[in-house]
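Inspection log for the structure reproduced underneath, given as structure tokens.
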Amino acid sequence: MEEEAQSSGVIKKFLYINRRAPHGTIYAHEALETVLIGAAFEQDVTLAFLDDGVFQLKKNQDTSEIGTKNFSKTYAALEMYDVEKLYVEKESLDQRGMTADDLSVDVKIINADEMKKLINESEVILNF
Amino acid sequence: MKFGILVNEGPYTHQASDSAYLFTKAAIEDGHEIYRIFFYHDGVNNGTRLATPPQDDRHIPNRWTELAKENEIDLVVCVAAAQRRGMVDPDEMKRNGKDANNLAENFRISGLGQLIEAGIQADRLITFGD
């Protein structure tokens with residue numbers, strides 16, 4: 001069913017903005033599915049995590065008691081899809097009492113001003 | 001300008017699909033091109049032909065179908081999101097052994113690659129969601 005990736009030679013700066021908690025709604029899970037499919041298109045891909053979206057990268061997630069899929073390990077596999085630019089907003093971490101040590105993957109932590117710059121420099125923004 | 005449209009919420013519960021419809025209509029009236037409209041998350045429910053809203057209310061799926069017919073717009077429902085939520089076309093019905101299908105006219109089911117492609121090909125990709 002998945003169609004052939006047609007890059008047609010155009011490379012755009014894609015930014016996936018993840019702002020919601022990983023569980024409670026399906027947005028984070030389906031955003032990740034978009035990133036994985038999108039990886040086949042050889043675009044310039046960046047992921048940003050802000051607001052409750054920083055919880056998506058929280059270590060040691062366990063969904064067994066709520067009966068939903070634990071997709072959190074997929075973030076660590078993104079590297080294999082050549083998705084390597086992951087940015088987390090510092091203010092969002094601070095507000096939630098989190099640090100880089102709480103995260104399951106290597107990310108670059110940037111402040112709100114740098115995040116703003118990143119968003120401004122992106123061409124295709126998918127906000128989940 | 002060439003627009004790609006992403007609809008992330010279902011009909012009636014959220015205003016997102018109304019806004020997407022009104023934006024699309026206004027863009028066409030202003031002479032812009034709509035490269036594709038992609039329905040994701042609960043947005044896939046915009047494509048059900050089994051909706052029967054009260055007569056004094058707008059019929060959201062029919063409205064999409066008519067807009068697509070009049071303007072040759074590509075309405076794409078994400079296959080992964082559709083399978084989860086029971087949006088089925090005749091091919092998917094056969095493939096998954098279902099006894100019914102419910103996809104409205106002028107909609108088609110395809111993969112997320114169609115969304116990425118819209119991002120690449122359109123001048124602007126506009127998201128309608130919460």
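How things are named: the first chain in the structure tokens is A, the next is B, and so on; residues count from 1 in each chain; ligands count from 1 in the order shown.
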**Asked** Would you list which chain A residues are within 12 Å of chain B using only C-alpha atoms, as a PyMOL selection string?
**Response** chain A and resi 1-16+19-20+25-45+122-128
**Message:** From a backbone DSSP assignment, name each residue in chain B labelled strand (DSSP E), as a ChimeraX atom specification.
**Reply:** /B:2-7,33-39,75-78,107-110,124-128
**Contacts of segment 99-109 of chain A at 6 Å (only C-alpha atoms; same-chain gap of 5+ positions) as number ranges by chain** = A: 57-59, 76, 86-90
Those same residues - C-alpha atoms - I'd like them written as a PDB file, in the first residue's frame.
ATOM      1  CA  LEU A  57      11.192  11.096  25.317  1.00  0.00           C
ATOM      2  CA  LYS A  58      10.911  10.145  28.999  1.00  0.00           C
ATOM      3  CA  LYS A  59      12.947   7.110  29.982  1.00  0.00           C
ATOM      4  CA  ALA A  76      15.917   5.524  19.888  1.00  0.00           C
ATOM      5  CA  LEU A  86      16.201  16.005  17.792  1.00  0.00           C
ATOM      6  CA  TYR A  87      15.723  19.270  19.674  1.00  0.00           C
ATOM      7  CA  VAL A  88      14.128  19.694  23.083  1.00  0.00           C
ATOM      8  CA  GLU A  89      13.102  23.039  24.509  1.00  0.00           C
ATOM      9  CA  LYS A  90      14.862  23.793  27.788  1.00  0.00           C
TER      10      LYS A  90
END
**Prompt:** Using only C-alpha atoms, which residues sit within 10 Å of Asn70 of chain A once same-chain residues fewer than 6 positions away are excluded, as a list in words?
**Reply:**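 Skipping anything fewer than 6 positions along the chain leaves Pro22, His23, His29, Gln61, Asp62, Thr63 and Ser64 of chain A.
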Please produce a file of those selected residues containing N, CA and C atoms, as a PDB file, in the first residue's frame.
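Result saved to selection00.pdb:
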ATOM      1  N   PRO A  22       2.854  11.727  25.487  1.00  0.00           N
ATOM      2  CA  PRO A  22       2.861  10.527  24.643  1.00  0.00           C
ATOM      3  C   PRO A  22       1.590   9.689  24.759  1.00  0.00           C
ATOM      4  N   HIS A  23       0.970   9.723  25.916  1.00  0.00           N
ATOM      5  CA  HIS A  23      -0.217   8.895  26.116  1.00  0.00           C
ATOM      6  C   HIS A  23      -1.393   9.797  26.473  1.00  0.00           C
ATOM      7  N   HIS A  29       1.894   9.159  18.914  1.00  0.00           N
ATOM      8  CA  HIS A  29       2.105   7.872  18.243  1.00  0.00           C
ATOM      9  C   HIS A  29       1.983   8.014  16.724  1.00  0.00           C
ATOM     10  N   GLN A  61       9.330   4.286  30.093  1.00  0.00           N
ATOM     11  CA  GLN A  61       7.868   4.345  30.001  1.00  0.00           C
ATOM     12  C   GLN A  61       7.309   2.928  30.063  1.00  0.00           C
ATOM     13  N   ASP A  62       6.147   2.814  30.682  1.00  0.00           N
ATOM     14  CA  ASP A  62       5.513   1.506  30.821  1.00  0.00           C
ATOM     15  C   ASP A  62       4.010   1.701  30.653  1.00  0.00           C
ATOM     16  N   THR A  63       3.467   1.172  29.567  1.00  0.00           N
ATOM     17  CA  THR A  63       2.038   1.383  29.302  1.00  0.00           C
ATOM     18  C   THR A  63       1.213   0.142  29.622  1.00  0.00           C
ATOM     19  N   SER A  64       1.836  -0.846  30.273  1.00  0.00           N
ATOM     20  CA  SER A  64       1.139  -2.124  30.452  1.00  0.00           C
ATOM     21  C   SER A  64      -0.180  -1.970  31.231  1.00  0.00           C
TER      22      SER A  64
END
**Request:** Within 6 Å of segment 94-104 of chain B, counting only C-alpha atoms, which residues show up once you throw out same-chain ones fewer than 6 positions away? Write them as a PyMOL selection string, please.
**Result:** chain B and resi 47-49+88
Written file, previous selection with C-alpha atoms, as an mmCIF file, in the first residue's frame:
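Everything below was put into selection06.cif:
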data_model
loop_
_atom_site.group_PDB
_atom_site.id
_atom_site.type_symbol
_atom_site.label_atom_id
_atom_site.label_comp_id
_atom_site.auth_asym_id
_atom_site.auth_seq_id
_atom_site.Cartn_x
_atom_site.Cartn_y
_atom_site.Cartn_z
ATOM 1 C CA GLY B 47 -14.535 10.692 4.550
ATOM 2 C CA THR B 48 -17.482 8.600 5.729
ATOM 3 C CA ARG B 49 -20.406 8.417 3.340
ATOM 4 C CA VAL B 88 -12.857 1.336 4.481
#
**Fill in**
atom CA of Arg84 of chain B sits from atom CA of Phe107 of chain B at a separation of 17.3 Å
Members of chain A assigned alpha helix (DSSP H) by DSSP, as a PDB file with N, CA and C atoms, in the first residue's frame:
ATOM      1  N   TYR A  27      -1.928  11.416  19.223  1.00  0.00           N
ATOM      2  CA  TYR A  27      -1.152  12.314  18.358  1.00  0.00           C
ATOM      3  C   TYR A  27       0.343  11.974  18.296  1.00  0.00           C
ATOM      4  N   ALA A  28       0.946  11.717  19.466  1.00  0.00           N
ATOM      5  CA  ALA A  28       2.391  11.437  19.488  1.00  0.00           C
ATOM      6  C   ALA A  28       2.715  10.162  18.709  1.00  0.00           C
ATOM      7  N   HIS A  29       1.894   9.159  18.914  1.00  0.00           N
ATOM      8  CA  HIS A  29       2.105   7.872  18.243  1.00  0.00           C
ATOM      9  C   HIS A  29       1.983   8.014  16.724  1.00  0.00           C
ATOM     10  N   GLU A  30       0.929   8.696  16.287  1.00  0.00           N
ATOM     11  CA  GLU A  30       0.730   8.852  14.842  1.00  0.00           C
ATOM     12  C   GLU A  30       1.721   9.847  14.235  1.00  0.00           C
ATOM     13  N   ALA A  31       2.211  10.778  15.040  1.00  0.00           N
ATOM     14  CA  ALA A  31       3.267  11.680  14.552  1.00  0.00           C
ATOM     15  C   ALA A  31       4.515  10.869  14.224  1.00  0.00           C
ATOM     16  N   LEU A  32       4.822   9.943  15.111  1.00  0.00           N
ATOM     17  CA  LEU A  32       6.001   9.095  14.925  1.00  0.00           C
ATOM     18  C   LEU A  32       5.860   8.241  13.657  1.00  0.00           C
ATOM     19  N   GLU A  33       4.667   7.769  13.390  1.00  0.00           N
ATOM     20  CA  GLU A  33       4.435   7.002  12.156  1.00  0.00           C
ATOM     21  C   GLU A  33       4.703   7.868  10.929  1.00  0.00           C
ATOM     22  N   THR A  34       4.320   9.140  11.015  1.00  0.00           N
ATOM     23  CA  THR A  34       4.575  10.053   9.901  1.00  0.00           C
ATOM     24  C   THR A  34       6.081  10.261   9.711  1.00  0.00           C
ATOM     25  N   VAL A  35       6.798  10.406  10.803  1.00  0.00           N
ATOM     26  CA  VAL A  35       8.247  10.601  10.727  1.00  0.00           C
ATOM     27  C   VAL A  35       8.912   9.395  10.058  1.00  0.00           C
ATOM     28  N   LEU A  36       8.482   8.198  10.446  1.00  0.00           N
ATOM     29  CA  LEU A  36       9.093   6.978   9.903  1.00  0.00           C
ATOM     30  C   LEU A  36       8.838   6.839   8.401  1.00  0.00           C
ATOM     31  N   ILE A  37       7.610   7.104   7.983  1.00  0.00           N
ATOM     32  CA  ILE A  37       7.306   7.045   6.549  1.00  0.00           C
ATOM     33  C   ILE A  37       8.049   8.162   5.814  1.00  0.00           C
ATOM     34  N   GLY A  38       8.034   9.341   6.427  1.00  0.00           N
ATOM     35  CA  GLY A  38       8.672  10.496   5.804  1.00  0.00           C
ATOM     36  C   GLY A  38      10.172  10.319   5.609  1.00  0.00           C
ATOM     37  N   THR A  74      10.804   3.482  19.958  1.00  0.00           N
ATOM     38  CA  THR A  74      10.998   3.855  18.550  1.00  0.00           C
ATOM     39  C   THR A  74      11.866   5.106  18.404  1.00  0.00           C
ATOM     40  N   TYR A  75      11.797   6.004  19.406  1.00  0.00           N
ATOM     41  CA  TYR A  75      12.584   7.247  19.293  1.00  0.00           C
ATOM     42  C   TYR A  75      14.077   6.941  19.186  1.00  0.00           C
ATOM     43  N   ALA A  76      14.502   5.893  19.931  1.00  0.00           N
ATOM     44  CA  ALA A  76      15.917   5.524  19.888  1.00  0.00           C
ATOM     45  C   ALA A  76      16.292   4.914  18.533  1.00  0.00           C
ATOM     46  N   ALA A  77      15.307   4.394  17.819  1.00  0.00           N
ATOM     47  CA  ALA A  77      15.567   3.759  16.518  1.00  0.00           C
ATOM     48  C   ALA A  77      15.573   4.758  15.366  1.00  0.00           C
ATOM     49  N   LYS A  90      14.400  23.775  26.395  1.00  0.00           N
ATOM     50  CA  LYS A  90      14.862  23.793  27.788  1.00  0.00           C
ATOM     51  C   LYS A  90      13.750  24.239  28.746  1.00  0.00           C
ATOM     52  N   GLU A  91      13.044  25.303  28.377  1.00  0.00           N
ATOM     53  CA  GLU A  91      12.001  25.823  29.251  1.00  0.00           C
ATOM     54  C   GLU A  91      10.934  24.764  29.544  1.00  0.00           C
ATOM     55  N   SER A  92      10.606  23.959  28.530  1.00  0.00           N
ATOM     56  CA  SER A  92       9.592  22.917  28.722  1.00  0.00           C
ATOM     57  C   SER A  92      10.084  21.858  29.701  1.00  0.00           C
ATOM     58  N   LEU A  93      11.374  21.518  29.595  1.00  0.00           N
ATOM     59  CA  LEU A  93      11.963  20.552  30.544  1.00  0.00           C
ATOM     60  C   LEU A  93      11.938  21.137  31.951  1.00  0.00           C
ATOM     61  N   ASP A  94      12.407  22.393  32.080  1.00  0.00           N
ATOM     62  CA  ASP A  94      12.474  23.047  33.392  1.00  0.00           C
ATOM     63  C   ASP A  94      11.103  23.086  34.074  1.00  0.00           C
ATOM     64  N   GLN A  95      10.099  23.471  33.285  1.00  0.00           N
ATOM     65  CA  GLN A  95       8.752  23.586  33.857  1.00  0.00           C
ATOM     66  C   GLN A  95       8.248  22.253  34.395  1.00  0.00           C
ATOM     67  N   ALA A 112      13.980  28.706  24.233  1.00  0.00           N
ATOM     68  CA  ALA A 112      12.796  29.098  23.462  1.00  0.00           C
ATOM     69  C   ALA A 112      13.151  29.987  22.265  1.00  0.00           C
ATOM     70  N   ASP A 113      14.144  30.861  22.451  1.00  0.00           N
ATOM     71  CA  ASP A 113      14.550  31.737  21.342  1.00  0.00           C
ATOM     72  C   ASP A 113      15.147  30.929  20.188  1.00  0.00           C
ATOM     73  N   GLU A 114      15.972  29.928  20.559  1.00  0.00           N
ATOM     74  CA  GLU A 114      16.570  29.072  19.524  1.00  0.00           C
ATOM     75  C   GLU A 114      15.501  28.216  18.845  1.00  0.00           C
ATOM     76  N   MET A 115      14.507  27.823  19.637  1.00  0.00           N
ATOM     77  CA  MET A 115      13.395  27.037  19.079  1.00  0.00           C
ATOM     78  C   MET A 115      12.628  27.884  18.060  1.00  0.00           C
ATOM     79  N   LYS A 116      12.432  29.130  18.411  1.00  0.00           N
ATOM     80  CA  LYS A 116      11.728  30.064  17.524  1.00  0.00           C
ATOM     81  C   LYS A 116      12.480  30.186  16.200  1.00  0.00           C
ATOM     82  N   LYS A 117      13.799  30.274  16.316  1.00  0.00           N
ATOM     83  CA  LYS A 117      14.649  30.407  15.134  1.00  0.00           C
ATOM     84  C   LYS A 117      14.525  29.142  14.264  1.00  0.00           C
ATOM     85  N   LEU A 118      14.567  27.992  14.942  1.00  0.00           N
ATOM     86  CA  LEU A 118      14.455  26.713  14.239  1.00  0.00           C
ATOM     87  C   LEU A 118      13.128  26.632  13.459  1.00  0.00           C
ATOM     88  N   ILE A 119      12.051  27.064  14.116  1.00  0.00           N
ATOM     89  CA  ILE A 119      10.732  27.035  13.467  1.00  0.00           C
ATOM     90  C   ILE A 119      10.719  27.985  12.270  1.00  0.00           C
ATOM     91  N   ASN A 120      11.287  29.194  12.478  1.00  0.00           N
ATOM     92  CA  ASN A 120      11.312  30.178  11.390  1.00  0.00           C
ATOM     93  C   ASN A 120      12.106  29.703  10.185  1.00  0.00           C
ATOM     94  N   GLU A 121      13.138  28.908  10.441  1.00  0.00           N
ATOM     95  CA  GLU A 121      14.009  28.462   9.346  1.00  0.00           C
ATOM     96  C   GLU A 121      13.460  27.229   8.623  1.00  0.00           C
TER      97      GLU A 121
END
**Message:** Would you pick out the contacts of Thr52 of chain B at 12 Å or less, using only C-alpha atoms, so that residues sharing its chain but fewer than 5 positions from it are not included, and give the list as a PyMOL selection string?
**Reply:** chain B and resi 11-12+57-62
Just-selected residues, C-alpha atoms written as a compact mmCIF listing (two decimals), in the first residue's frame:
# COMPACT_ATOMS: atom_id res chain seq x y z
CA PRO B 11 -16.10 16.34 11.57
CA TYR B 12 -18.55 18.06 13.95
CA ASP B 57 -26.98 21.24 9.64
CA ARG B 58 -24.13 21.13 7.14
CA HIS B 59 -23.22 17.73 5.70
CA ILE B 60 -19.47 17.73 6.12
CA PRO B 61 -18.50 14.60 4.12
CA ASN B 62 -20.85 15.54 1.25
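From atom CA of Lys2 of chain B back to atom CA of Tyr35 of chain B, the distance works out to 6.1 Å.
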